[in-house]
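See below for coords_5.txt, which holds compact mmCIF, C-alpha atoms.
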```txt
# COMPACT_ATOMS: atom_id res chain seq x y z
CA MET A 1 38.33 -25.67 118.34
CA LYS A 2 38.90 -24.61 114.71
CA LYS A 3 35.16 -24.16 114.26
CA LYS A 4 35.01 -22.00 117.38
CA ALA A 5 37.90 -19.85 116.13
CA LEU A 6 36.27 -19.51 112.74
CA SER A 7 33.00 -18.53 114.38
CA ILE A 8 34.74 -15.80 116.36
CA VAL A 9 36.45 -14.46 113.24
CA LEU A 10 33.18 -14.63 111.32
CA ALA A 11 31.33 -12.78 114.06
CA GLY A 12 34.03 -10.12 114.19
CA THR A 13 33.97 -9.72 110.43
CA MET A 14 30.18 -9.37 110.42
CA ALA A 15 30.40 -6.81 113.20
CA LEU A 16 32.94 -4.85 111.20
CA SER A 17 30.63 -5.00 108.22
CA MET A 18 27.70 -3.70 110.26
CA THR A 19 29.86 -0.94 111.72
CA ALA A 20 30.88 0.15 108.24
CA VAL A 21 27.27 0.12 107.06
CA SER A 22 26.29 2.16 110.07
CA ALA A 23 29.12 4.61 109.28
CA VAL A 24 27.83 4.89 105.73
CA SER A 25 24.37 5.60 107.04
CA VAL A 26 25.63 8.32 109.38
CA SER A 27 27.81 9.81 106.65
CA ALA A 28 24.89 9.84 104.23
CA GLU A 29 22.91 11.89 106.72
CA GLU A 30 25.83 14.29 107.13
CA LEU A 31 25.91 14.82 103.37
CA ALA A 32 22.77 16.84 103.90
CA PRO A 33 23.11 20.64 104.28
CA GLY A 34 25.43 21.91 106.99
CA GLY A 35 24.57 24.70 109.34
CA PHE A 36 25.72 27.29 111.82
CA GLY A 37 28.40 26.71 114.41
CA THR A 38 27.11 25.46 117.75
CA LEU A 39 30.05 25.70 120.18
CA GLY A 40 29.81 29.41 120.90
CA GLU A 41 32.67 31.33 122.51
CA TYR A 42 35.69 29.54 123.96
CA THR A 43 36.39 29.51 127.69
CA PRO A 44 39.80 28.01 128.57
CA ASN A 45 39.99 25.38 131.27
CA THR A 46 41.71 26.42 134.49
CA GLY A 47 45.45 26.83 134.09
CA VAL A 48 45.49 26.73 130.30
CA LYS A 49 47.81 29.38 128.88
CA THR A 50 46.53 31.25 125.86
CA ASN A 51 47.48 33.79 123.21
CA LYS A 52 45.04 36.35 121.89
CA LEU A 53 44.77 35.84 118.14
CA MET A 54 42.94 38.38 115.99
CA PHE A 55 41.33 37.86 112.60
CA ALA A 56 40.37 40.41 109.96
CA MET A 57 37.49 38.71 108.20
CA PRO A 58 37.17 39.73 104.53
CA GLY A 59 33.95 41.33 103.37
CA ALA A 60 33.79 38.56 100.76
CA TRP A 61 33.11 36.09 103.57
CA GLN A 62 30.01 38.02 104.62
CA ASN A 63 26.72 37.17 102.92
CA ASP A 64 23.02 36.86 103.65
CA THR A 65 23.55 33.44 105.23
CA THR A 66 26.32 34.54 107.56
CA LYS A 67 24.26 37.52 108.69
CA ASP A 68 21.50 35.24 109.98
CA GLU A 69 20.85 35.92 113.67
CA LYS A 70 21.98 32.37 114.55
CA CYS A 71 25.42 33.09 113.15
CA GLY A 72 25.58 36.86 113.45
CA GLY A 73 28.17 37.23 110.73
CA ALA A 74 30.75 35.85 113.14
CA ALA A 75 34.23 34.56 112.52
CA GLY A 76 35.03 31.08 113.74
CA ILE A 77 38.22 29.18 114.49
CA TYR A 78 39.02 25.49 114.59
CA TRP A 79 42.19 23.86 115.90
CA TRP A 80 43.38 20.32 115.42
CA SER A 81 45.09 19.39 118.66
CA GLY A 82 45.96 20.44 122.19
CA TYR A 83 43.80 21.68 125.01
CA ASP A 84 40.05 22.19 124.62
CA THR A 85 39.86 21.18 120.97
CA PRO A 86 36.46 21.65 119.30
CA ASP A 87 36.30 17.87 118.99
CA ASP A 88 36.49 17.47 122.76
CA LYS A 89 33.82 20.08 123.37
CA ALA A 90 31.48 18.77 120.70
CA GLY A 91 31.89 15.10 121.50
CA GLY A 92 32.78 14.57 117.86
CA HIS A 93 34.03 16.58 114.92
CA GLY A 94 33.23 20.09 116.13
CA TRP A 95 33.59 21.95 112.86
CA PRO A 96 33.56 24.93 112.33
CA GLY A 97 34.92 25.29 115.86
CA TYR A 98 34.53 28.17 118.31
CA LYS A 99 32.93 31.52 117.69
CA ALA A 100 35.34 34.45 117.88
CA VAL A 101 34.41 37.70 119.66
CA GLN A 102 34.06 40.93 117.72
CA VAL A 103 36.59 43.51 118.87
CA LYS A 104 34.79 46.61 120.12
CA GLY A 105 36.15 50.14 120.44
CA GLU A 106 38.50 49.86 117.46
CA THR A 107 37.73 52.64 114.97
CA TYR A 108 38.80 53.68 111.49
CA THR A 109 38.27 56.76 109.35
CA ILE A 110 35.43 56.89 106.80
CA LYS A 111 33.75 59.62 104.79
CA ASP A 112 30.23 60.66 105.66
CA GLU A 113 28.14 59.97 102.54
CA ALA A 114 25.89 62.97 103.21
CA THR A 115 28.49 65.63 104.05
CA GLY A 116 31.67 64.15 102.59
CA GLU A 117 33.45 64.84 105.85
CA GLU A 118 35.68 62.30 107.55
CA LYS A 119 34.49 60.64 110.72
CA GLN A 120 35.36 57.70 112.94
CA ALA A 121 33.42 54.43 112.72
CA GLU A 122 33.83 51.14 114.56
CA ILE A 123 35.78 48.49 112.64
CA PRO A 124 33.19 45.86 111.68
CA ASN A 125 35.45 42.97 110.65
CA LEU A 126 37.99 42.53 113.46
CA TRP A 127 37.54 39.41 115.61
CA ALA A 128 39.58 37.94 118.45
CA ILE A 129 39.84 34.75 120.49
CA ASP A 130 42.17 33.39 123.17
CA VAL A 131 43.73 30.15 121.90
CA PRO A 132 45.77 27.59 123.90
CA THR A 133 49.47 28.15 123.34
CA PHE A 134 52.76 26.41 124.13
CA GLY A 135 53.95 26.31 127.71
CA ASN A 136 51.08 24.39 129.31
CA ASN A 137 53.70 21.85 130.35
CA THR A 138 51.85 18.63 129.75
CA GLU A 139 53.67 15.40 128.97
CA LEU A 140 51.72 14.63 125.83
CA GLU A 141 51.00 18.06 124.36
CA GLU A 142 53.48 20.81 124.99
CA HIS A 143 52.35 22.68 121.87
CA ASP A 144 48.64 23.47 121.73
CA ALA A 145 46.48 24.58 118.82
CA THR A 146 49.36 23.77 116.50
CA GLN A 147 47.16 24.03 113.42
CA ILE A 148 44.29 26.53 113.19
CA ILE A 149 41.70 27.26 110.52
CA TRP A 150 39.82 30.55 110.44
CA ASN A 151 36.31 30.44 108.97
CA ASN A 152 33.04 32.36 108.88
CA TYR A 153 31.41 30.09 111.46
CA LEU A 154 29.45 28.11 108.89
CA ASP A 155 29.53 24.37 108.27
CA GLY A 156 29.28 24.04 104.49
CA GLY A 157 28.65 20.31 104.57
CA MET A 158 29.36 18.17 101.51
CA GLU A 159 26.26 18.73 99.42
CA LYS A 160 27.26 21.18 96.67
CA ASP A 161 23.83 21.81 95.11
CA PRO A 162 22.82 25.32 96.26
CA ALA A 163 19.15 24.36 95.94
CA LYS A 164 19.67 21.69 98.58
CA ASN A 165 22.35 23.34 100.67
CA PRO A 166 22.61 27.14 101.03
CA PHE A 167 25.61 26.74 103.34
CA TYR A 168 28.07 25.20 100.90
CA ASP A 169 28.83 28.33 98.85
CA ALA A 170 28.28 30.63 101.83
CA SER A 171 30.90 28.96 104.04
CA GLN A 172 34.51 30.10 103.70
CA GLN A 173 37.73 29.08 105.42
CA THR A 174 41.50 29.40 105.41
CA ARG A 175 43.97 26.64 104.89
CA ASP A 176 45.63 24.94 107.87
CA PHE A 177 47.90 27.48 109.50
CA PRO A 178 50.46 27.36 112.35
CA GLY A 179 48.86 28.71 115.51
CA GLN A 180 51.91 29.04 117.73
CA TYR A 181 54.86 31.11 116.57
CA TYR A 182 57.49 31.71 113.89
CA CYS A 183 61.13 30.79 114.26
CA ARG A 184 64.21 30.29 112.11
CA MET A 185 64.81 26.62 111.39
CA ASP A 186 67.92 25.19 109.72
CA ASP A 187 68.76 21.93 108.03
CA ALA A 188 71.65 19.84 109.33
CA SER A 189 74.27 22.03 107.66
CA GLY A 190 72.99 25.23 109.23
CA SER A 191 71.77 26.63 105.93
CA PRO A 192 68.59 28.73 106.26
CA THR A 193 66.53 26.65 103.84
CA ARG A 194 63.13 27.16 105.45
CA ASP A 195 63.22 30.88 106.19
CA HIS A 196 59.94 32.75 106.06
CA PRO A 197 60.12 35.11 103.05
CA VAL A 198 59.45 38.18 105.22
CA TYR A 199 60.01 37.30 108.86
CA ALA A 200 63.47 35.76 108.40
CA THR A 201 64.77 39.31 107.98
CA LEU A 202 62.91 40.43 111.10
CA LEU A 203 64.50 37.66 113.17
CA LYS A 204 67.94 38.57 111.83
CA TYR A 205 67.31 42.15 112.89
CA ALA A 206 66.28 40.98 116.36
CA TYR A 207 69.47 38.93 116.67
CA GLU A 208 71.48 41.95 115.59
CA GLN A 209 69.91 44.17 118.26
CA ILE A 210 70.43 41.57 121.00
CA PHE A 211 74.03 40.70 120.12
CA LYS A 212 75.15 44.29 119.62
CA LYS A 213 73.91 45.12 123.11
CA GLU A 214 75.37 42.01 124.72
CA PHE A 215 78.71 41.83 122.93
CA THR A 216 80.52 45.15 122.74
CA GLU A 217 83.89 46.02 121.23
CA GLU A 218 85.33 45.95 124.74
CA THR A 219 84.12 42.44 125.53
CA MET A 220 84.64 40.96 122.06
CA PRO A 221 87.10 42.95 119.98
CA GLY A 222 86.64 42.51 116.25
CA VAL A 223 83.43 40.50 116.28
CA THR A 224 80.78 43.20 116.59
CA SER A 225 80.37 44.12 112.91
CA LEU A 226 76.85 42.75 112.55
CA ASP A 227 74.61 43.78 109.66
CA PHE A 228 71.30 41.92 109.34
CA THR A 229 71.14 42.70 105.60
CA SER A 230 74.51 41.05 104.96
CA ASP A 231 74.77 37.66 103.28
CA ASN A 232 77.46 36.91 105.83
CA PHE A 233 75.13 37.59 108.76
CA TRP A 234 74.97 34.06 110.20
CA VAL A 235 78.75 33.63 109.95
CA ASP A 236 79.16 36.82 111.96
CA ILE A 237 76.65 35.53 114.51
CA ASN A 238 78.60 32.26 114.67
CA LYS A 239 81.82 34.13 115.34
CA MET A 240 80.19 35.94 118.25
CA SER A 241 78.69 32.70 119.50
CA ALA A 242 82.04 30.93 119.36
CA ALA A 243 83.81 33.80 121.10
CA SER A 244 81.20 33.82 123.87
CA LEU A 245 82.02 30.16 124.47
CA GLY A 246 85.74 30.82 124.51
CA GLU A 247 86.34 29.27 121.08
CA ASP A 248 88.41 30.57 118.17
CA TYR A 249 85.96 30.33 115.26
CA ASP A 250 88.65 30.19 112.57
CA LYS A 251 90.25 27.14 114.20
CA LEU A 252 87.04 25.12 114.43
CA SER A 253 86.10 22.33 112.05
CA ASP A 254 83.28 22.93 109.59
CA ASP A 255 80.97 20.72 111.68
CA ASP A 256 81.61 22.86 114.77
CA LYS A 257 81.09 26.27 113.17
CA THR A 258 77.31 26.47 113.54
CA PHE A 259 76.57 28.18 116.84
CA GLN A 260 73.64 30.50 116.23
CA LEU A 261 71.09 27.97 117.53
CA ASP A 262 73.25 26.93 120.47
CA ILE A 263 73.50 30.33 122.10
CA VAL A 264 71.47 30.20 125.30
CA LEU A 265 69.41 33.33 124.78
CA ASP A 266 67.86 32.87 128.20
CA ASP A 267 71.25 33.68 129.73
CA ILE A 268 71.37 36.94 127.78
CA ASN A 269 69.42 39.78 129.35
CA PHE A 270 67.99 41.05 126.09
CA ASP A 271 65.37 43.76 125.90
CA LEU A 272 63.84 44.66 122.54
CA SER A 273 61.25 47.12 123.83
CA ASP A 274 63.21 50.11 122.51
CA VAL A 275 62.83 48.86 118.91
CA PHE A 276 59.76 46.56 119.02
CA GLY A 277 57.55 48.46 121.49
CA THR A 278 54.79 46.39 123.11
CA TYR A 279 55.45 43.50 120.72
CA ALA A 280 58.86 42.95 122.35
CA ALA A 281 57.06 40.64 124.78
CA ASN A 282 56.25 38.29 121.87
CA PHE A 283 59.92 37.38 121.33
CA PHE A 284 61.40 34.46 123.25
CA ASN A 285 63.97 31.67 123.14
CA GLU A 286 62.35 28.79 121.30
CA ASP A 287 64.94 26.40 122.74
CA LEU A 288 63.12 26.63 126.07
CA VAL A 289 59.99 24.96 124.68
CA VAL A 290 59.96 21.32 125.73
CA ALA A 291 60.29 18.73 122.94
CA SER A 292 60.60 21.38 120.23
CA ASN A 293 63.08 21.85 117.43
CA SER A 294 65.98 23.94 118.66
CA ALA A 295 65.61 27.08 116.62
CA GLY A 296 66.76 29.97 118.78
CA LEU A 297 64.89 33.24 118.61
CA ALA A 298 61.17 33.09 117.85
CA PHE A 299 58.03 35.19 118.28
CA THR A 300 54.44 34.35 119.13
CA PHE A 301 51.29 35.56 117.36
CA ASP A 302 49.91 37.07 120.58
CA ASN A 303 47.86 40.20 119.72
CA MET A 304 48.73 39.85 116.04
CA VAL A 305 46.11 39.86 113.29
CA PHE A 306 45.58 37.24 110.59
CA VAL A 307 44.82 38.79 107.19
CA VAL A 308 43.48 36.69 104.30
CA ASN A 309 45.26 36.68 100.96
CA PHE A 310 43.14 36.82 97.78
CA ASP A 311 45.92 35.47 95.55
CA PRO A 312 44.43 32.38 93.82
CA SER A 313 47.87 30.81 93.37
CA LYS A 314 48.12 30.46 97.14
CA MET A 315 44.67 28.95 97.68
CA ALA A 316 44.20 25.19 97.94
CA VAL A 317 41.09 23.19 97.04
CA SER A 318 40.36 20.20 99.23
CA PRO A 319 40.07 16.93 97.28
CA VAL A 320 37.60 15.77 99.95
CA SER A 321 35.05 18.56 100.22
CA GLY A 322 35.87 20.62 97.14
CA LYS A 323 36.05 23.72 99.35
CA VAL A 324 38.75 26.28 98.74
CA GLY A 325 41.12 27.14 101.58
CA PHE A 326 42.32 30.76 101.49
CA ASP A 327 45.91 31.57 102.38
CA GLY A 328 47.07 34.43 104.60
CA ASP A 329 49.45 35.33 107.39
CA PHE A 330 49.75 36.90 110.84
CA TYR A 331 50.86 40.53 110.96
CA PHE A 332 51.64 43.05 113.67
CA TYR A 333 48.60 45.23 114.30
CA TYR A 334 49.01 49.01 114.68
CA GLY A 335 45.38 49.98 115.27
CA GLY A 336 42.83 51.60 112.97
CA GLY A 337 42.86 48.57 110.69
CA GLU A 338 46.54 49.04 109.80
CA TYR A 339 49.02 46.16 109.92
CA GLY A 340 52.55 45.33 108.79
CA SER A 341 55.39 42.83 108.92
CA TRP A 342 57.46 44.79 111.49
CA PRO A 343 56.45 45.22 115.16
CA THR A 344 55.88 49.00 115.00
CA LYS A 345 54.46 51.19 112.27
CA GLU A 346 57.48 53.48 112.43
CA LEU A 347 59.89 50.57 112.03
CA ASN A 348 57.80 49.18 109.21
CA GLU A 349 58.14 52.45 107.27
CA GLU A 350 61.85 52.61 108.05
CA MET A 351 62.38 49.10 106.69
CA LYS A 352 60.47 49.91 103.51
CA ALA A 353 63.06 52.55 102.75
CA LYS A 354 65.97 50.35 103.82
CA LEU A 355 64.96 46.99 102.30
CA GLY A 356 62.56 47.96 99.53
CA GLU A 357 58.76 47.80 99.47
CA ASP A 358 58.74 44.33 97.96
CA LYS A 359 60.38 42.99 101.15
CA VAL A 360 58.01 44.67 103.61
CA VAL A 361 54.27 44.06 103.99
CA SER A 362 51.84 46.81 104.97
CA GLY A 363 48.14 47.23 104.52
CA ASN A 364 44.77 48.14 105.93
CA PHE A 365 41.98 45.60 106.25
CA THR A 366 39.36 48.34 106.37
CA ASP A 367 40.05 49.61 102.86
CA ASP A 368 37.39 49.16 100.19
CA LYS A 369 39.21 46.32 98.45
CA TYR A 370 39.26 44.18 101.58
CA LEU A 371 36.31 45.23 103.70
CA ASN A 372 33.78 45.54 100.89
CA SER A 373 35.10 42.75 98.69
CA SER A 374 32.70 40.32 97.03
CA ILE A 375 33.31 36.62 96.55
CA ASP A 376 32.15 37.09 92.95
CA ASP A 377 35.12 39.40 92.32
CA ILE A 378 37.72 36.93 93.65
CA GLU A 379 39.33 34.40 91.36
CA ILE A 380 38.99 31.04 93.09
CA PRO A 381 40.61 27.86 91.76
CA THR A 382 38.35 24.88 91.12
CA THR A 383 40.93 22.11 90.74
CA ALA A 384 42.00 20.29 93.85
CA GLU A 385 45.70 20.55 94.68
CA THR A 386 47.72 17.79 96.27
CA THR A 387 50.76 19.93 97.03
CA ALA A 388 51.06 23.33 98.65
CA PRO A 389 51.67 26.26 96.27
CA ALA A 390 55.08 27.86 96.16
CA THR A 391 55.83 30.91 98.27
CA THR A 392 56.77 34.19 96.66
CA VAL A 393 57.92 37.48 98.10
CA PRO A 394 54.86 39.73 98.48
CA SER A 395 54.13 42.66 96.26
CA PRO A 396 52.87 45.90 97.82
CA SER A 397 49.47 45.48 96.16
CA GLN A 398 48.66 42.31 98.07
CA ASP A 399 46.67 42.48 101.28
CA ALA A 400 48.52 39.54 102.82
CA THR A 401 51.22 37.18 101.78
CA SER A 402 53.28 34.09 102.40
CA SER A 403 52.18 30.53 101.87
CA THR A 404 52.22 28.51 105.05
CA SER A 405 54.10 25.78 103.23
CA SER A 406 57.38 27.60 103.75
CA THR A 407 56.84 28.70 107.31
CA SER A 408 57.71 26.85 110.44
CA SER A 409 56.11 26.93 113.84
CA GLY A 410 58.26 25.02 116.27
CA SER A 411 57.37 21.35 116.17
CA THR A 412 54.18 22.05 114.26
CA THR A 413 53.32 19.53 111.56
CA ALA A 414 51.12 20.61 108.67
CA ASN A 415 47.88 18.70 108.21
CA ASN A 416 47.61 17.02 104.83
CA SER A 417 44.06 18.16 104.20
CA ASN A 418 45.37 21.35 102.61
CA GLY A 419 43.39 23.41 105.01
CA ALA A 420 39.93 22.13 104.16
CA VAL A 421 37.93 20.21 106.73
CA ALA A 422 35.58 17.44 105.68
CA THR A 423 33.08 18.64 108.31
CA GLY A 424 32.79 15.30 110.07
CA GLN A 425 32.14 13.03 107.12
CA VAL A 426 33.79 9.61 106.98
CA SER A 427 35.59 8.97 103.70
CA MET A 428 33.18 7.13 101.44
CA ILE A 429 35.99 5.33 99.64
CA VAL A 430 37.43 3.97 102.87
CA ILE A 431 34.00 2.88 104.04
CA LEU A 432 33.23 1.08 100.82
CA LEU A 433 36.57 -0.72 100.96
CA VAL A 434 35.85 -1.81 104.52
CA VAL A 435 32.39 -3.05 103.50
CA ILE A 436 33.79 -4.96 100.54
CA ALA A 437 36.55 -6.47 102.66
CA ALA A 438 34.03 -7.46 105.30
CA GLY A 439 31.82 -9.07 102.67
CA ILE A 440 34.73 -11.04 101.24
CA GLY A 441 35.64 -12.13 104.75
CA VAL A 442 32.14 -13.47 105.32
CA VAL A 443 32.22 -15.48 102.08
CA VAL A 444 35.73 -16.87 102.62
CA PHE A 445 35.20 -17.98 106.18
CA THR A 446 31.76 -19.38 105.38
CA ARG A 447 33.29 -21.50 102.59
CA LYS A 448 36.08 -22.71 104.88
CA LYS A 449 33.55 -23.65 107.51
CA THR A 450 31.42 -25.52 104.95
CA GLU A 451 34.46 -27.36 103.51
CA LYS A 452 35.44 -28.56 106.94
```

Would you give me this structure, written as structure tokens?
Amino acid sequence: MKKKALSIVLAGTMALSMTAVSAVSVSAEELAPGGFGTLGEYTPNTGVKTNKLMFAMPGAWQNDTTKDEKCGGAAGIYWWSGYDTPDDKAGGHGWPGYKAVQVKGETYTIKDEATGEEKQAEIPNLWAIDVPTFGNNTELEEHDATQIIWNNYLDGGMEKDPAKNPFYDASQQTRDFPGQYYCRMDDASGSPTRDHPVYATLLKYAYEQIFKKEFTEETMPGVTSLDFTSDNFWVDINKMSAASLGEDYDKLSDDDKTFQLDIVLDDINFDLSDVFGTYAANFFNEDLVVASNSAGLAFTFDNMVFVVNFDPSKMAVSPVSGKVGFDGDFYFYYGGGEYGSWPTKELNEEMKAKLGEDKVVSGNFTDDKYLNSSIDDIEIPTTAETTAPATTVPSPSQDATSSTSSTSSGSTTANNSNGAVATGQVSMIVILLVVIAAGIGVVVFTRKKTEK
């Protein structure tokens, strides 16, 4: 009986060894040059809810390789989990994901080189794709496409020698980025420790607009003095929240004084269209999302544009592939290549004057710096990072800002690859360890069998 058991273990160990060798063989083949994306455009399965995400691809991501007719200079997008993942469609690791669709009919102003006169031209670097979003109401995956990576639809592979692989240097990508929405998340004490450096102020402003409309001096005397720029803002919100629940805030214990996340926004008939225009539809009560962190007011990225940041301090180099992952952020799109951190262009300008330009982001992804940028002119780090770079408040000169390390997207969990995909390769170190372990197993069990 012991011999039979040993034989079974030995057979299993040998099988594991052969599997590992096979994996090494497959991985060795994948170390060869990469290639163009193969999935094409994304078509959601029936009933899958989506958000339209836009991407302003930098001119630096365009090169002779990307302009090949097989790729067409396209932008691509990959997401880690949820409905219709590239893995599911590809039957494996479907990097670089789906091909985005170039947005047509969007124009910007340029100067005619011959006459010097201004004229309208179609924006060449704006791409869009519908991506599965929260609310699909499945038991296992309420939040879809929780982590996305924008890229230029090229698989760079792992071979770094340009003579052997023209795709490695040509391929570009962002870091892992939340694909769902932004919200305000607190720690246990109610302190805003994870606020987005720009959008935390926007969410405060939204709360202010909602509460001032809902709670008037007549209905709540003495608790309507809200000011979203005040350091006391959340205490004032808590006082309103307590009063709405029939509580006297000043008589509550410290543990009971945090109400801002407990207000049932769904019971408040709020309408932000007068201040946020068409983007008012993006704002919702995050508490209604099943199995999420209760965080109150939030907004989706629907019809917003992702703009890449060229700041090298916010890039991250993958320790696996050696590829750099660019940082960036989603911004409200105003048309004509213009974007900002407030839902309307008018409000964005108003907040610049009120808060200061260093607290408000604005830009144009069709300007010469962004549209005609060259990868040779961008400082790119070469050392792999194991931790995400720190977030800083943006300066007006930056095209995009905000490290994803400080942002929160519901129950989204950041992937530890620092935004760089290994393009389907199995870790060589892990494989070698498995092979060695399998080999030791063969020797040990063979000796035991012989000794018996």

Counting all atoms listed in the file, the residue of A:Arg175, A:Lys70, A:Lys160, A:His93 that sits nearest Ala316 in chain A: A:Arg175

Answer as a PyMOL selection string, residues within 8 Å of (30.3, 26.0, 120.9) using only C-alpha atoms: chain A and resi 37-42+86+89-90+97-99

Hey, could you pull the box centre and edge lengths for range 276-282 of chain A, axis-aligned, 3 Å padding per side, all listed atoms, to one decimal in Å, as lines of an AutoDock Vina configuration file?
```
center_x = 57.3
center_y = 43.4
center_z = 121.9
size_x = 11.0
size_y = 16.2
size_z = 11.8
```

Proximity to Val275 in chain A - best of A:Tyr331, A:Phe55, A:Trp342, A:Phe211, all atoms listed in the file: A:Trp342

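Of the listed residues A:Ile123, A:Val360, A:Leu297, A:Ile380, the one whose atoms come nearest to Gly59 in chain A is A:Ile123, with distances taken using all atoms listed in the file.
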
Length of the CA of Leu203 in chain A to CA of Asp236 in chain A vector [Å]: 14.7 Å

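Taking all atoms listed in the file into account, Ser373 in chain A lies nearest to A:Met57 out of the set A:Leu202, A:Leu154, A:Met57, A:Met315.
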
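Distance annotation: of A:Pro312, A:Gln102, A:Asp87, A:Phe284, the residue with the minimal separation from Cys183 in chain A is A:Phe284; atom set is all atoms listed in the file.
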
Closest of A:Thr146, A:Gly179, A:Asp287, A:Gln62 to Asp302 in chain A - atom-to-atom distances counting all atoms listed in the file: A:Gly179

Shell around Ala280 in chain A at 10 Å using all atoms listed in the file, local window under 5 positions removed, as a PyMOL selection string: chain A and resi 206+271-275+299+343-344

Using C-alpha atoms, can you export the residues from the last selection as a JSON list (two decimals), in the frame of the given file?
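Everything below was put into selection-v7.json:
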```
[["chain", "number", "residue", "atom", "x", "y", "z"],
["A", 206, "ALA", "CA", 66.28, 40.98, 116.36],
["A", 271, "ASP", "CA", 65.37, 43.76, 125.90],
["A", 272, "LEU", "CA", 63.84, 44.66, 122.54],
["A", 273, "SER", "CA", 61.25, 47.12, 123.83],
["A", 274, "ASP", "CA", 63.21, 50.11, 122.51],
["A", 275, "VAL", "CA", 62.83, 48.86, 118.91],
["A", 299, "PHE", "CA", 58.03, 35.19, 118.28],
["A", 343, "PRO", "CA", 56.45, 45.22, 115.16],
["A", 344, "THR", "CA", 55.88, 49.00, 115.00]]
```

Close residues, Thr109 in chain A itself excluded, 8 Å, all atoms listed in the file, min 6 positions apart in chain, as a list in words: Glu118, Lys119, Gln120, Ala121 and Gly336 of chain A

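Distance-wise, CA of Tyr181 in chain A and CA of Phe228 in chain A end up 21.0 Å apart.
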
CA of Gly325 in chain A to CA of Thr174 in chain A, distance in Å rounded to a single decimal: 4.5 Å

Selection: 12 Å around Phe36 in chain A, all atoms listed in the file, excl. self and same-chain fewer than 4 positions, as a count of residues only: 32
